[in-house]
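Data from query_33.cif: mmCIF, C-alpha atoms
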```
data_final
#
loop_
_atom_site.group_PDB
_atom_site.id
_atom_site.type_symbol
_atom_site.label_atom_id
_atom_site.label_comp_id
_atom_site.auth_asym_id
_atom_site.auth_seq_id
_atom_site.Cartn_x
_atom_site.Cartn_y
_atom_site.Cartn_z
ATOM 1 C CA MET A 1 0.000 0.000 0.000
ATOM 2 C CA THR A 2 3.007 2.303 0.357
ATOM 3 C CA GLY A 3 3.599 4.966 -2.228
ATOM 4 C CA GLN A 4 -0.028 4.970 -3.362
ATOM 5 C CA GLU A 5 -1.833 8.239 -2.993
ATOM 6 C CA ARG A 6 -5.278 8.216 -1.342
ATOM 7 C CA LYS A 7 -7.755 10.503 -3.051
ATOM 8 C CA THR A 8 -11.260 11.516 -2.047
ATOM 9 C CA PHE A 9 -13.851 13.055 -4.328
ATOM 10 C CA GLU A 10 -17.386 14.329 -3.847
ATOM 11 C CA VAL A 11 -20.370 13.489 -6.047
ATOM 12 C CA ILE A 12 -23.440 15.715 -5.694
ATOM 13 C CA PHE A 13 -26.657 15.490 -7.699
ATOM 14 C CA GLU A 14 -29.500 18.006 -7.314
ATOM 15 C CA GLY A 15 -33.082 17.545 -8.412
ATOM 16 C CA THR A 16 -35.982 19.975 -8.612
ATOM 17 C CA GLY A 17 -39.349 18.284 -8.946
ATOM 18 C CA ILE A 18 -42.577 20.086 -9.843
ATOM 19 C CA SER A 19 -45.956 18.372 -9.861
ATOM 20 C CA SER A 20 -47.422 18.948 -13.312
ATOM 21 C CA GLY A 21 -50.371 16.615 -13.785
ATOM 22 C CA LYS A 22 -52.721 14.322 -11.928
ATOM 23 C CA MET A 23 -49.756 12.178 -10.815
ATOM 24 C CA ARG A 24 -46.986 13.455 -13.088
ATOM 25 C CA ASN A 25 -43.817 15.066 -11.760
ATOM 26 C CA ASP A 26 -41.252 16.863 -13.901
ATOM 27 C CA ILE A 27 -37.797 16.616 -12.403
ATOM 28 C CA HIS A 28 -34.853 18.688 -13.527
ATOM 29 C CA VAL A 29 -31.637 16.990 -12.414
ATOM 30 C CA GLU A 30 -28.286 18.780 -12.280
ATOM 31 C CA TRP A 31 -24.788 17.427 -11.850
ATOM 32 C CA PRO A 32 -23.083 20.728 -11.112
ATOM 33 C CA THR A 33 -19.492 19.421 -11.086
ATOM 34 C CA MET A 34 -19.876 18.098 -14.620
ATOM 35 C CA LYS A 35 -22.087 21.018 -15.731
ATOM 36 C CA GLU A 36 -24.620 18.438 -16.946
ATOM 37 C CA SER A 37 -28.394 18.521 -16.546
ATOM 38 C CA PHE A 38 -31.215 16.164 -17.426
ATOM 39 C CA ASP A 39 -34.984 16.641 -17.721
ATOM 40 C CA LEU A 40 -36.769 13.575 -16.435
ATOM 41 C CA ALA A 41 -40.318 12.781 -15.383
ATOM 42 C CA THR A 42 -42.397 10.249 -13.512
ATOM 43 C CA ASP A 43 -46.071 9.406 -13.808
ATOM 44 C CA GLU A 44 -48.425 6.604 -12.857
ATOM 45 C CA GLY A 45 -50.705 4.592 -15.088
ATOM 46 C CA PRO A 46 -54.491 5.072 -15.090
ATOM 47 C CA PHE A 47 -54.936 2.324 -12.463
ATOM 48 C CA HIS A 48 -53.082 4.558 -9.977
ATOM 49 C CA GLY A 49 -54.774 7.772 -11.081
ATOM 50 C CA GLY A 50 -52.168 9.009 -13.555
ATOM 51 C CA ASP A 51 -51.989 9.470 -17.302
ATOM 52 C CA GLY A 52 -49.068 7.120 -18.046
ATOM 53 C CA THR A 53 -47.017 9.915 -19.660
ATOM 54 C CA ALA A 54 -43.730 8.755 -18.070
ATOM 55 C CA PRO A 55 -42.374 5.731 -16.182
ATOM 56 C CA PRO A 56 -43.275 5.340 -12.502
ATOM 57 C CA PRO A 57 -40.520 6.183 -9.981
ATOM 58 C CA LEU A 58 -39.715 2.516 -9.310
ATOM 59 C CA ALA A 59 -39.031 1.908 -13.022
ATOM 60 C CA LEU A 60 -36.454 4.717 -12.943
ATOM 61 C CA PHE A 61 -35.050 3.221 -9.753
ATOM 62 C CA THR A 62 -34.747 -0.236 -11.360
ATOM 63 C CA ALA A 63 -32.886 1.251 -14.328
ATOM 64 C CA ALA A 64 -30.706 3.402 -12.059
ATOM 65 C CA LEU A 65 -29.556 0.473 -9.917
ATOM 66 C CA THR A 66 -29.048 -1.836 -12.902
ATOM 67 C CA GLY A 67 -27.164 0.824 -14.859
ATOM 68 C CA CYS A 68 -25.062 1.785 -11.839
ATOM 69 C CA LEU A 69 -23.618 -1.695 -11.336
ATOM 70 C CA MET A 70 -23.160 -2.186 -15.099
ATOM 71 C CA THR A 71 -21.322 1.130 -15.446
ATOM 72 C CA GLN A 72 -18.871 0.216 -12.694
ATOM 73 C CA ILE A 73 -18.383 -3.253 -14.181
ATOM 74 C CA ARG A 74 -17.400 -1.613 -17.476
ATOM 75 C CA ALA A 75 -15.224 1.074 -15.897
ATOM 76 C CA PHE A 76 -13.396 -1.274 -13.539
ATOM 77 C CA SER A 77 -12.908 -4.066 -16.113
ATOM 78 C CA LYS A 78 -10.253 -1.857 -17.700
ATOM 79 C CA ARG A 79 -8.516 -0.953 -14.425
ATOM 80 C CA LEU A 80 -8.527 -4.568 -13.229
ATOM 81 C CA LYS A 81 -7.655 -5.921 -16.698
ATOM 82 C CA VAL A 82 -10.560 -8.365 -16.710
ATOM 83 C CA ASN A 83 -11.821 -8.716 -20.266
ATOM 84 C CA ILE A 84 -15.600 -8.733 -20.632
ATOM 85 C CA GLY A 85 -17.964 -8.899 -23.590
ATOM 86 C CA THR A 86 -21.600 -7.829 -23.792
ATOM 87 C CA VAL A 87 -22.722 -7.560 -20.182
ATOM 88 C CA GLU A 88 -26.253 -8.659 -19.309
ATOM 89 C CA VAL A 89 -27.770 -8.023 -15.885
ATOM 90 C CA LYS A 90 -31.163 -9.221 -14.717
ATOM 91 C CA THR A 91 -32.480 -7.309 -11.735
ATOM 92 C CA ARG A 92 -35.438 -8.284 -9.574
ATOM 93 C CA LEU A 93 -36.627 -5.833 -6.942
ATOM 94 C CA HIS A 94 -39.272 -6.984 -4.492
ATOM 95 C CA TRP A 95 -41.083 -4.762 -2.015
ATOM 96 C CA LYS A 96 -44.230 -5.153 0.020
ATOM 97 C CA GLY A 97 -46.870 -2.751 1.206
ATOM 98 C CA GLU A 98 -49.043 -3.047 4.279
ATOM 99 C CA GLN A 99 -52.270 -1.180 4.767
ATOM 100 C CA LEU A 100 -54.771 -0.918 7.569
ATOM 101 C CA GLY A 101 -58.250 -0.139 6.252
ATOM 102 C CA HIS A 102 -58.020 2.891 3.992
ATOM 103 C CA GLU A 103 -55.044 4.469 5.744
ATOM 104 C CA PRO A 104 -51.958 5.312 3.692
ATOM 105 C CA TYR A 105 -49.963 2.122 3.177
ATOM 106 C CA GLU A 106 -46.476 1.526 4.568
ATOM 107 C CA THR A 107 -43.736 0.019 2.453
ATOM 108 C CA SER A 108 -40.606 -2.064 2.999
ATOM 109 C CA PRO A 109 -38.126 -3.995 0.868
ATOM 110 C CA VAL A 110 -38.338 -7.802 0.704
ATOM 111 C CA GLY A 111 -35.225 -8.551 -1.362
ATOM 112 C CA PHE A 112 -33.187 -7.287 -4.313
ATOM 113 C CA GLU A 113 -31.405 -9.696 -6.679
ATOM 114 C CA MET A 114 -29.049 -9.072 -9.590
ATOM 115 C CA ASP A 115 -27.859 -11.860 -11.913
ATOM 116 C CA VAL A 116 -24.795 -10.897 -13.942
ATOM 117 C CA ASP A 117 -23.406 -12.451 -17.131
ATOM 118 C CA LEU A 118 -20.096 -10.833 -18.115
ATOM 119 C CA ASP A 119 -19.735 -12.808 -21.388
ATOM 120 C CA SER A 120 -16.111 -13.279 -20.356
ATOM 121 C CA THR A 121 -13.392 -15.876 -20.784
ATOM 122 C CA ALA A 122 -11.555 -14.528 -17.724
ATOM 123 C CA SER A 123 -10.993 -16.877 -14.785
ATOM 124 C CA GLN A 124 -13.718 -17.340 -12.216
ATOM 125 C CA ASP A 125 -11.531 -15.544 -9.645
ATOM 126 C CA ASP A 126 -11.057 -12.548 -11.928
ATOM 127 C CA GLN A 127 -14.778 -12.308 -12.624
ATOM 128 C CA HIS A 128 -15.568 -12.434 -8.901
ATOM 129 C CA ARG A 129 -12.900 -9.782 -8.277
ATOM 130 C CA LEU A 130 -14.528 -7.510 -10.856
ATOM 131 C CA ILE A 131 -18.026 -7.916 -9.394
ATOM 132 C CA ALA A 132 -16.719 -7.272 -5.880
ATOM 133 C CA ALA A 133 -15.105 -4.014 -7.030
ATOM 134 C CA ALA A 134 -18.224 -2.945 -8.957
ATOM 135 C CA LYS A 135 -20.423 -3.501 -5.876
ATOM 136 C CA LYS A 136 -18.147 -1.250 -3.789
ATOM 137 C CA GLY A 137 -17.994 1.342 -6.562
ATOM 138 C CA CYS A 138 -21.737 1.522 -7.253
ATOM 139 C CA PHE A 139 -23.019 4.592 -5.396
ATOM 140 C CA ILE A 140 -26.542 3.199 -5.176
ATOM 141 C CA GLU A 141 -25.573 -0.250 -3.880
ATOM 142 C CA THR A 142 -23.275 1.112 -1.186
ATOM 143 C CA THR A 143 -26.008 3.516 -0.104
ATOM 144 C CA LEU A 144 -28.519 0.672 0.157
ATOM 145 C CA LEU A 145 -26.008 -1.458 2.056
ATOM 146 C CA GLN A 146 -25.143 1.264 4.562
ATOM 147 C CA GLY A 147 -28.687 2.550 4.972
ATOM 148 C CA LEU A 148 -29.546 6.214 5.194
ATOM 149 C CA ALA A 149 -32.281 8.404 6.643
ATOM 150 C CA VAL A 150 -33.214 11.144 4.186
ATOM 151 C CA ALA A 151 -33.421 14.552 5.921
ATOM 152 C CA HIS A 152 -36.657 16.400 5.095
ATOM 153 C CA ARG A 153 -37.696 19.994 5.517
ATOM 154 C CA LEU A 154 -41.143 21.441 4.972
ATOM 155 C CA LYS A 155 -41.752 25.046 3.921
ATOM 156 C CA ILE A 156 -44.648 26.557 5.870
ATOM 157 C CA ASP A 157 -45.331 30.294 5.717
ATOM 158 C CA ASP A 158 -41.914 30.927 4.146
ATOM 159 C CA THR A 159 -40.102 29.187 7.005
ATOM 160 C CA TRP A 160 -38.341 25.838 6.797
ATOM 161 C CA HIS A 161 -39.247 23.214 9.403
ATOM 162 C CA ASP A 162 -37.605 19.819 9.915
ATOM 163 C CA ALA A 163 -40.102 17.135 8.898
ATOM 164 C CA MET B 1 -57.777 -0.099 15.179
ATOM 165 C CA THR B 2 -60.611 -2.618 15.572
ATOM 166 C CA GLY B 3 -62.687 -3.504 12.567
ATOM 167 C CA GLN B 4 -60.073 -2.334 10.092
ATOM 168 C CA GLU B 5 -58.798 -4.949 7.712
ATOM 169 C CA ARG B 6 -55.025 -5.338 7.327
ATOM 170 C CA LYS B 7 -53.956 -5.906 3.735
ATOM 171 C CA THR B 8 -50.564 -6.793 2.318
ATOM 172 C CA PHE B 9 -49.524 -6.413 -1.305
ATOM 173 C CA GLU B 10 -46.365 -7.221 -3.244
ATOM 174 C CA VAL B 11 -44.581 -4.886 -5.654
ATOM 175 C CA ILE B 12 -42.039 -6.461 -8.006
ATOM 176 C CA PHE B 13 -40.052 -4.708 -10.728
ATOM 177 C CA GLU B 14 -37.749 -6.564 -13.112
ATOM 178 C CA GLY B 15 -35.000 -5.056 -15.238
ATOM 179 C CA THR B 16 -32.885 -6.528 -18.014
ATOM 180 C CA GLY B 17 -29.814 -4.466 -18.820
ATOM 181 C CA ILE B 18 -27.615 -4.999 -21.886
ATOM 182 C CA SER B 19 -24.398 -3.078 -22.463
ATOM 183 C CA SER B 20 -24.731 -1.445 -25.859
ATOM 184 C CA GLY B 21 -21.986 1.152 -26.232
ATOM 185 C CA LYS B 22 -18.769 2.356 -24.689
ATOM 186 C CA MET B 23 -20.580 3.074 -21.413
ATOM 187 C CA ARG B 24 -24.218 2.889 -22.476
ATOM 188 C CA ASN B 25 -26.661 0.378 -21.014
ATOM 189 C CA ASP B 26 -30.143 -0.285 -22.370
ATOM 190 C CA ILE B 27 -32.482 -1.400 -19.634
ATOM 191 C CA HIS B 28 -35.888 -2.910 -20.249
ATOM 192 C CA VAL B 29 -37.993 -2.606 -17.104
ATOM 193 C CA GLU B 30 -41.139 -4.626 -16.497
ATOM 194 C CA TRP B 31 -43.837 -4.271 -13.887
ATOM 195 C CA PRO B 32 -45.496 -7.647 -14.425
ATOM 196 C CA THR B 33 -48.462 -7.102 -12.083
ATOM 197 C CA MET B 34 -49.503 -4.012 -14.027
ATOM 198 C CA LYS B 35 -48.464 -5.465 -17.405
ATOM 199 C CA GLU B 36 -46.409 -2.302 -17.954
ATOM 200 C CA SER B 37 -42.912 -2.043 -19.410
ATOM 201 C CA PHE B 38 -40.474 0.784 -19.984
ATOM 202 C CA ASP B 39 -37.353 1.092 -22.140
ATOM 203 C CA LEU B 40 -34.755 3.162 -20.329
ATOM 204 C CA ALA B 41 -31.035 3.745 -20.746
ATOM 205 C CA THR B 42 -28.001 5.092 -18.958
ATOM 206 C CA ASP B 43 -24.757 6.481 -20.342
ATOM 207 C CA GLU B 44 -21.854 8.598 -19.172
ATOM 208 C CA GLY B 45 -20.555 11.810 -20.654
ATOM 209 C CA PRO B 46 -17.273 11.958 -22.614
ATOM 210 C CA PHE B 47 -15.319 12.810 -19.442
ATOM 211 C CA HIS B 48 -16.164 9.362 -18.098
ATOM 212 C CA GLY B 49 -15.636 7.564 -21.402
ATOM 213 C CA GLY B 50 -19.212 7.538 -22.654
ATOM 214 C CA ASP B 51 -21.108 9.213 -25.481
ATOM 215 C CA GLY B 52 -23.682 11.136 -23.409
ATOM 216 C CA THR B 53 -26.623 9.428 -25.153
ATOM 217 C CA ALA B 54 -28.650 9.035 -21.933
ATOM 218 C CA PRO B 55 -28.551 10.274 -18.322
ATOM 219 C CA PRO B 56 -26.065 8.696 -15.922
ATOM 220 C CA PRO B 57 -27.504 6.206 -13.392
ATOM 221 C CA LEU B 58 -27.380 8.734 -10.539
ATOM 222 C CA ALA B 59 -29.541 11.182 -12.501
ATOM 223 C CA LEU B 60 -32.193 8.470 -12.853
ATOM 224 C CA PHE B 61 -31.793 7.729 -9.147
ATOM 225 C CA THR B 62 -32.282 11.412 -8.235
ATOM 226 C CA ALA B 63 -35.462 11.551 -10.313
ATOM 227 C CA ALA B 64 -36.680 8.221 -8.929
ATOM 228 C CA LEU B 65 -36.317 9.282 -5.294
ATOM 229 C CA THR B 66 -37.777 12.754 -5.899
ATOM 230 C CA GLY B 67 -40.691 11.372 -7.894
ATOM 231 C CA CYS B 68 -41.337 8.607 -5.363
ATOM 232 C CA LEU B 69 -41.887 10.990 -2.458
ATOM 233 C CA MET B 70 -43.902 13.394 -4.634
ATOM 234 C CA THR B 71 -46.159 10.600 -5.875
ATOM 235 C CA GLN B 72 -46.962 9.469 -2.338
ATOM 236 C CA ILE B 73 -47.556 13.076 -1.258
ATOM 237 C CA ARG B 74 -50.136 13.404 -4.051
ATOM 238 C CA ALA B 75 -51.736 10.002 -3.446
ATOM 239 C CA PHE B 76 -51.971 10.370 0.338
ATOM 240 C CA SER B 77 -53.132 14.004 0.271
ATOM 241 C CA LYS B 78 -56.490 12.671 -0.877
ATOM 242 C CA ARG B 79 -56.706 9.879 1.710
ATOM 243 C CA LEU B 80 -55.644 12.196 4.548
ATOM 244 C CA LYS B 81 -57.763 15.081 3.238
ATOM 245 C CA VAL B 82 -54.846 17.532 3.277
ATOM 246 C CA ASN B 83 -55.262 19.963 0.398
ATOM 247 C CA ILE B 84 -52.103 20.725 -1.535
ATOM 248 C CA GLY B 85 -51.307 22.845 -4.581
ATOM 249 C CA THR B 86 -48.331 22.600 -6.934
ATOM 250 C CA VAL B 87 -45.782 20.558 -5.027
ATOM 251 C CA GLU B 88 -42.115 21.474 -5.398
ATOM 252 C CA VAL B 89 -39.340 19.289 -3.998
ATOM 253 C CA LYS B 90 -35.651 20.125 -4.042
ATOM 254 C CA THR B 91 -33.424 17.089 -3.574
ATOM 255 C CA ARG B 92 -29.702 17.140 -2.842
ATOM 256 C CA LEU B 93 -27.837 13.831 -2.864
ATOM 257 C CA HIS B 94 -24.246 13.804 -1.690
ATOM 258 C CA TRP B 95 -21.857 10.872 -1.981
ATOM 259 C CA LYS B 96 -18.118 10.529 -1.739
ATOM 260 C CA GLY B 97 -15.596 8.281 -3.413
ATOM 261 C CA GLU B 98 -12.250 7.139 -2.065
ATOM 262 C CA GLN B 99 -9.464 5.807 -4.193
ATOM 263 C CA LEU B 100 -6.039 4.397 -3.473
ATOM 264 C CA GLY B 101 -3.663 5.000 -6.380
ATOM 265 C CA HIS B 102 -5.332 3.719 -9.542
ATOM 266 C CA GLU B 103 -7.405 1.019 -7.855
ATOM 267 C CA PRO B 104 -11.172 1.006 -8.377
ATOM 268 C CA TYR B 105 -12.697 3.626 -6.102
ATOM 269 C CA GLU B 106 -15.065 2.845 -3.224
ATOM 270 C CA THR B 107 -18.214 4.867 -2.657
ATOM 271 C CA SER B 108 -20.428 5.828 0.272
ATOM 272 C CA PRO B 109 -23.293 8.226 0.947
ATOM 273 C CA VAL B 110 -22.629 11.482 2.839
ATOM 274 C CA GLY B 111 -26.194 12.787 3.182
ATOM 275 C CA PHE B 112 -29.487 13.080 1.311
ATOM 276 C CA GLU B 113 -31.774 16.105 1.779
ATOM 277 C CA MET B 114 -35.236 16.863 0.441
ATOM 278 C CA ASP B 115 -36.926 20.244 0.860
ATOM 279 C CA VAL B 116 -40.676 20.145 0.281
ATOM 280 C CA ASP B 117 -43.108 22.981 -0.492
ATOM 281 C CA LEU B 118 -46.698 21.723 -0.596
ATOM 282 C CA ASP B 119 -48.198 25.081 -1.671
ATOM 283 C CA SER B 120 -50.860 24.390 0.941
ATOM 284 C CA THR B 121 -53.054 26.371 3.294
ATOM 285 C CA ALA B 122 -53.519 23.313 5.529
ATOM 286 C CA SER B 123 -52.368 23.520 9.136
ATOM 287 C CA GLN B 124 -48.757 22.867 9.990
ATOM 288 C CA ASP B 125 -49.788 19.651 11.775
ATOM 289 C CA ASP B 126 -51.662 18.397 8.725
ATOM 290 C CA GLN B 127 -48.720 19.134 6.450
ATOM 291 C CA HIS B 128 -46.351 17.280 8.785
ATOM 292 C CA ARG B 129 -48.818 14.379 8.947
ATOM 293 C CA LEU B 130 -48.866 14.170 5.150
ATOM 294 C CA ILE B 131 -45.059 14.205 4.837
ATOM 295 C CA ALA B 132 -44.740 11.546 7.548
ATOM 296 C CA ALA B 133 -47.147 9.270 5.661
ATOM 297 C CA ALA B 134 -45.403 9.909 2.319
ATOM 298 C CA LYS B 135 -42.019 8.978 3.813
ATOM 299 C CA LYS B 136 -43.413 5.650 5.067
ATOM 300 C CA GLY B 137 -45.160 5.037 1.745
ATOM 301 C CA CYS B 138 -42.196 5.810 -0.508
ATOM 302 C CA PHE B 139 -40.676 2.448 -1.473
ATOM 303 C CA ILE B 140 -37.266 3.975 -2.118
ATOM 304 C CA GLU B 141 -37.047 5.956 1.129
ATOM 305 C CA THR B 142 -38.076 3.018 3.306
ATOM 306 C CA THR B 143 -35.517 0.828 1.524
ATOM 307 C CA LEU B 144 -32.778 3.394 2.152
ATOM 308 C CA LEU B 145 -33.841 3.727 5.783
ATOM 309 C CA GLN B 146 -33.879 -0.014 6.445
ATOM 310 C CA GLY B 147 -30.736 -0.762 4.439
ATOM 311 C CA LEU B 148 -30.419 -3.786 2.185
ATOM 312 C CA ALA B 149 -27.663 -5.987 0.765
ATOM 313 C CA VAL B 150 -28.336 -6.754 -2.889
ATOM 314 C CA ALA B 151 -27.861 -10.472 -3.644
ATOM 315 C CA HIS B 152 -25.654 -11.071 -6.692
ATOM 316 C CA ARG B 153 -25.065 -14.116 -8.836
ATOM 317 C CA LEU B 154 -22.466 -14.494 -11.567
ATOM 318 C CA LYS B 155 -22.917 -16.794 -14.580
ATOM 319 C CA ILE B 156 -19.718 -18.694 -15.331
ATOM 320 C CA ASP B 157 -19.711 -21.603 -17.819
ATOM 321 C CA ASP B 158 -23.519 -21.712 -17.724
ATOM 322 C CA THR B 159 -23.596 -22.130 -13.942
ATOM 323 C CA TRP B 160 -24.766 -19.503 -11.456
ATOM 324 C CA HIS B 161 -22.438 -18.679 -8.574
ATOM 325 C CA ASP B 162 -23.156 -16.407 -5.620
ATOM 326 C CA ALA B 163 -21.025 -13.284 -5.963
#
```
In structure tokens, what does this structure look like?
Amino acid sequence: MTGQERKTFEVIFEGTGISSGKMRNDIHVEWPTMKESFDLATDEGPFHGGDGTAPPPLALFTAALTGCLMTQIRAFSKRLKVNIGTVEVKTRLHWKGEQLGHEPYETSPVGFEMDVDLDSTASQDDQHRLIAAAKKGCFIETTLLQGLAVAHRLKIDDTWHDA
Amino acid sequence: MTGQERKTFEVIFEGTGISSGKMRNDIHVEWPTMKESFDLATDEGPFHGGDGTAPPPLALFTAALTGCLMTQIRAFSKRLKVNIGTVEVKTRLHWKGEQLGHEPYETSPVGFEMDVDLDSTASQDDQHRLIAAAKKGCFIETTLLQGLAVAHRLKIDDTWHDA
């Protein structure tokens, strides 16, 4: 480990969501460090009272988690010199909801699974080494693993209150 | 609590991601129960070796989390009879990465914040009650709060191995 420099870097994403339909939300996402921004949206289908004009939040989440691991697999395959081909990942995300009468339901995760095919002729050890690095490098997976309470504030009469 | 029926429901999303460019991933997401599917993609900008053809995974994640809370705010405002107007949510997600020399970096969350303006004339108590319900109803927030290790498998020579 000697002679190797330890670096730290910060990654900050900012989103501004505005409700713009029955269930639709338009969300402008900025990545200030990279001077990049993205206009995204969520909606619900008619069954849930929406107009189906955009994917529901959990579809974006499924793509985000899947893409996050895949991106780190690709990036780290070069650094670790593990050759890979066309990567295919199958993700299965399972939650449950519990509801008493007509009260708002409460949610919790049941289990998340990701099956990875690297299309690689590298040794089994090398492939495991690559997946292990990608798991530690995926911002979403490490956040899920560590757990995190989101801090909320509510604006009431032009004053911010912890919520 | 007597006389109120307790119901449980399952929510399952499935994603299939295929690497399709330097850093691009095409992700087909299915919500089997609702018979809905969505074609999404992630990419990285040129700085990170991609072609910028789609948002990076963390942009989708930012929109997913923002949209998730906003959707439950809208849905539960009706059930809790808390009138709201145009909802605006500002989300700030902060991670850090640590890297030794040129090894793959390791990531962790620093803090997630969401500022909510309900554009409401409801009482402060009612607004807090609505946010509290939305937090418990947002599948992504409750998953982050509880924490979760994703289960991985790796396909090597047509056999699945835990990874």
Need the shell around stretch 78-84 of chain A: protein/DNA/RNA residues with any atom at most 9 Å away, counting all atoms listed in the file. Skip same-chain ones fewer than 5 positions apart. Format as a PDB file with C-alpha atoms, keeping the file's coordinate frame?
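Final output, saved to out_35.pdb:
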```pdb
ATOM      1  CA  ILE A  73     -18.383  -3.253 -14.181  1.00  0.00           C
ATOM      2  CA  LEU A 118     -20.096 -10.833 -18.115  1.00  0.00           C
ATOM      3  CA  ASP A 119     -19.735 -12.808 -21.388  1.00  0.00           C
ATOM      4  CA  SER A 120     -16.111 -13.279 -20.356  1.00  0.00           C
ATOM      5  CA  THR A 121     -13.392 -15.876 -20.784  1.00  0.00           C
ATOM      6  CA  ALA A 122     -11.555 -14.528 -17.724  1.00  0.00           C
ATOM      7  CA  SER A 123     -10.993 -16.877 -14.785  1.00  0.00           C
ATOM      8  CA  ASP A 126     -11.057 -12.548 -11.928  1.00  0.00           C
ATOM      9  CA  GLN A 127     -14.778 -12.308 -12.624  1.00  0.00           C
ATOM     10  CA  ARG A 129     -12.900  -9.782  -8.277  1.00  0.00           C
ATOM     11  CA  LEU A 130     -14.528  -7.510 -10.856  1.00  0.00           C
TER      12      LEU A 130
ATOM     13  CA  HIS B 102      -5.332   3.719  -9.542  1.00  0.00           C
ATOM     14  CA  GLU B 103      -7.405   1.019  -7.855  1.00  0.00           C
ATOM     15  CA  PRO B 104     -11.172   1.006  -8.377  1.00  0.00           C
TER      16      PRO B 104
END
```
Name the residues that the PyMOL selection byres ((chain A and resi 12-24) around 6) picks from the file above, as a PDB file with C-alpha atoms, in the frame of the given file, using the file's chain letters and numbers.
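Below is the file result-v7.pdb, written as the result:
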```pdb
ATOM      1  CA  VAL A  11     -20.370  13.489  -6.047  1.00  0.00           C
ATOM      2  CA  ASN A  25     -43.817  15.066 -11.760  1.00  0.00           C
ATOM      3  CA  ASP A  26     -41.252  16.863 -13.901  1.00  0.00           C
ATOM      4  CA  ILE A  27     -37.797  16.616 -12.403  1.00  0.00           C
ATOM      5  CA  HIS A  28     -34.853  18.688 -13.527  1.00  0.00           C
ATOM      6  CA  VAL A  29     -31.637  16.990 -12.414  1.00  0.00           C
ATOM      7  CA  GLU A  30     -28.286  18.780 -12.280  1.00  0.00           C
ATOM      8  CA  TRP A  31     -24.788  17.427 -11.850  1.00  0.00           C
ATOM      9  CA  THR A  42     -42.397  10.249 -13.512  1.00  0.00           C
ATOM     10  CA  ASP A  43     -46.071   9.406 -13.808  1.00  0.00           C
ATOM     11  CA  GLY A  50     -52.168   9.009 -13.555  1.00  0.00           C
TER      12      GLY A  50
ATOM     13  CA  THR B  86     -48.331  22.600  -6.934  1.00  0.00           C
ATOM     14  CA  VAL B  87     -45.782  20.558  -5.027  1.00  0.00           C
ATOM     15  CA  GLU B  88     -42.115  21.474  -5.398  1.00  0.00           C
ATOM     16  CA  VAL B  89     -39.340  19.289  -3.998  1.00  0.00           C
ATOM     17  CA  LYS B  90     -35.651  20.125  -4.042  1.00  0.00           C
ATOM     18  CA  THR B  91     -33.424  17.089  -3.574  1.00  0.00           C
ATOM     19  CA  ARG B  92     -29.702  17.140  -2.842  1.00  0.00           C
ATOM     20  CA  LEU B  93     -27.837  13.831  -2.864  1.00  0.00           C
ATOM     21  CA  HIS B  94     -24.246  13.804  -1.690  1.00  0.00           C
TER      22      HIS B  94
END
```
Exercise. When the PyMOL selection byres ((chain B and resi 105-113) around 10) is applied to the file above, which residues end up in the set, as a PyMOL selection string?
Worked result: (chain A and resi 6-14+72+76+133-153) or (chain B and resi 90-104+114-116)
Problem set entry | Nearest residue to chain A from the set B:Asp162, B:Asp157, B:Asp117, B:Glu36 (distances using all atoms listed in the file) |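 For chain A, the nearest of the candidates is B:Asp117.
Of the residues listed (B:Asp125, B:Asp51, B:Ser77, B:Gly67), B:Gly67 shows the shortest atom-to-atom separation from chain A; distances use all atoms listed in the file.
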Exercise. How far is it from atom CA of B:Leu40 to atom CA of B:Leu58, in Å with one decimal?
Worked result: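 Rounded to one decimal, the two atoms are 13.5 Å apart.
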For this session: State, in Å with one decimal place, the distance from atom CA of B:Trp160 to atom CA of A:Arg74.
Result: 20.3 Å
For this session: Starting from the point (-30.6, 7.2, -10.0), work out which residues of protein, DNA or RNA have an atom no more than 10 Å away when counting only C-alpha atoms; state them as number ranges by chain.
Result: A: 13, 57, 60-68, 139-140; B: 42, 55-66
For this session: Would you work out the distance separating atom CA of A:Pro46 from atom CA of B:Gly85, expressed in Å to one decimal?
Result: 20.9 Å
Size and centre in Å, one decimal, axis-aligned box, all listed stretch 94-105 of chain A atoms plus 8 Å per side, as JSON:
```
{"center_x": -48.8, "center_y": -0.8, "center_z": 1.5, "size_x": 35.0, "size_y": 28.3, "size_z": 28.1}
```
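When all atoms listed in the file are used to compute distances to chain A, the closest of the residues B:Ala75, B:Ala54, B:Leu69, B:Leu154 turns out to be B:Leu154.
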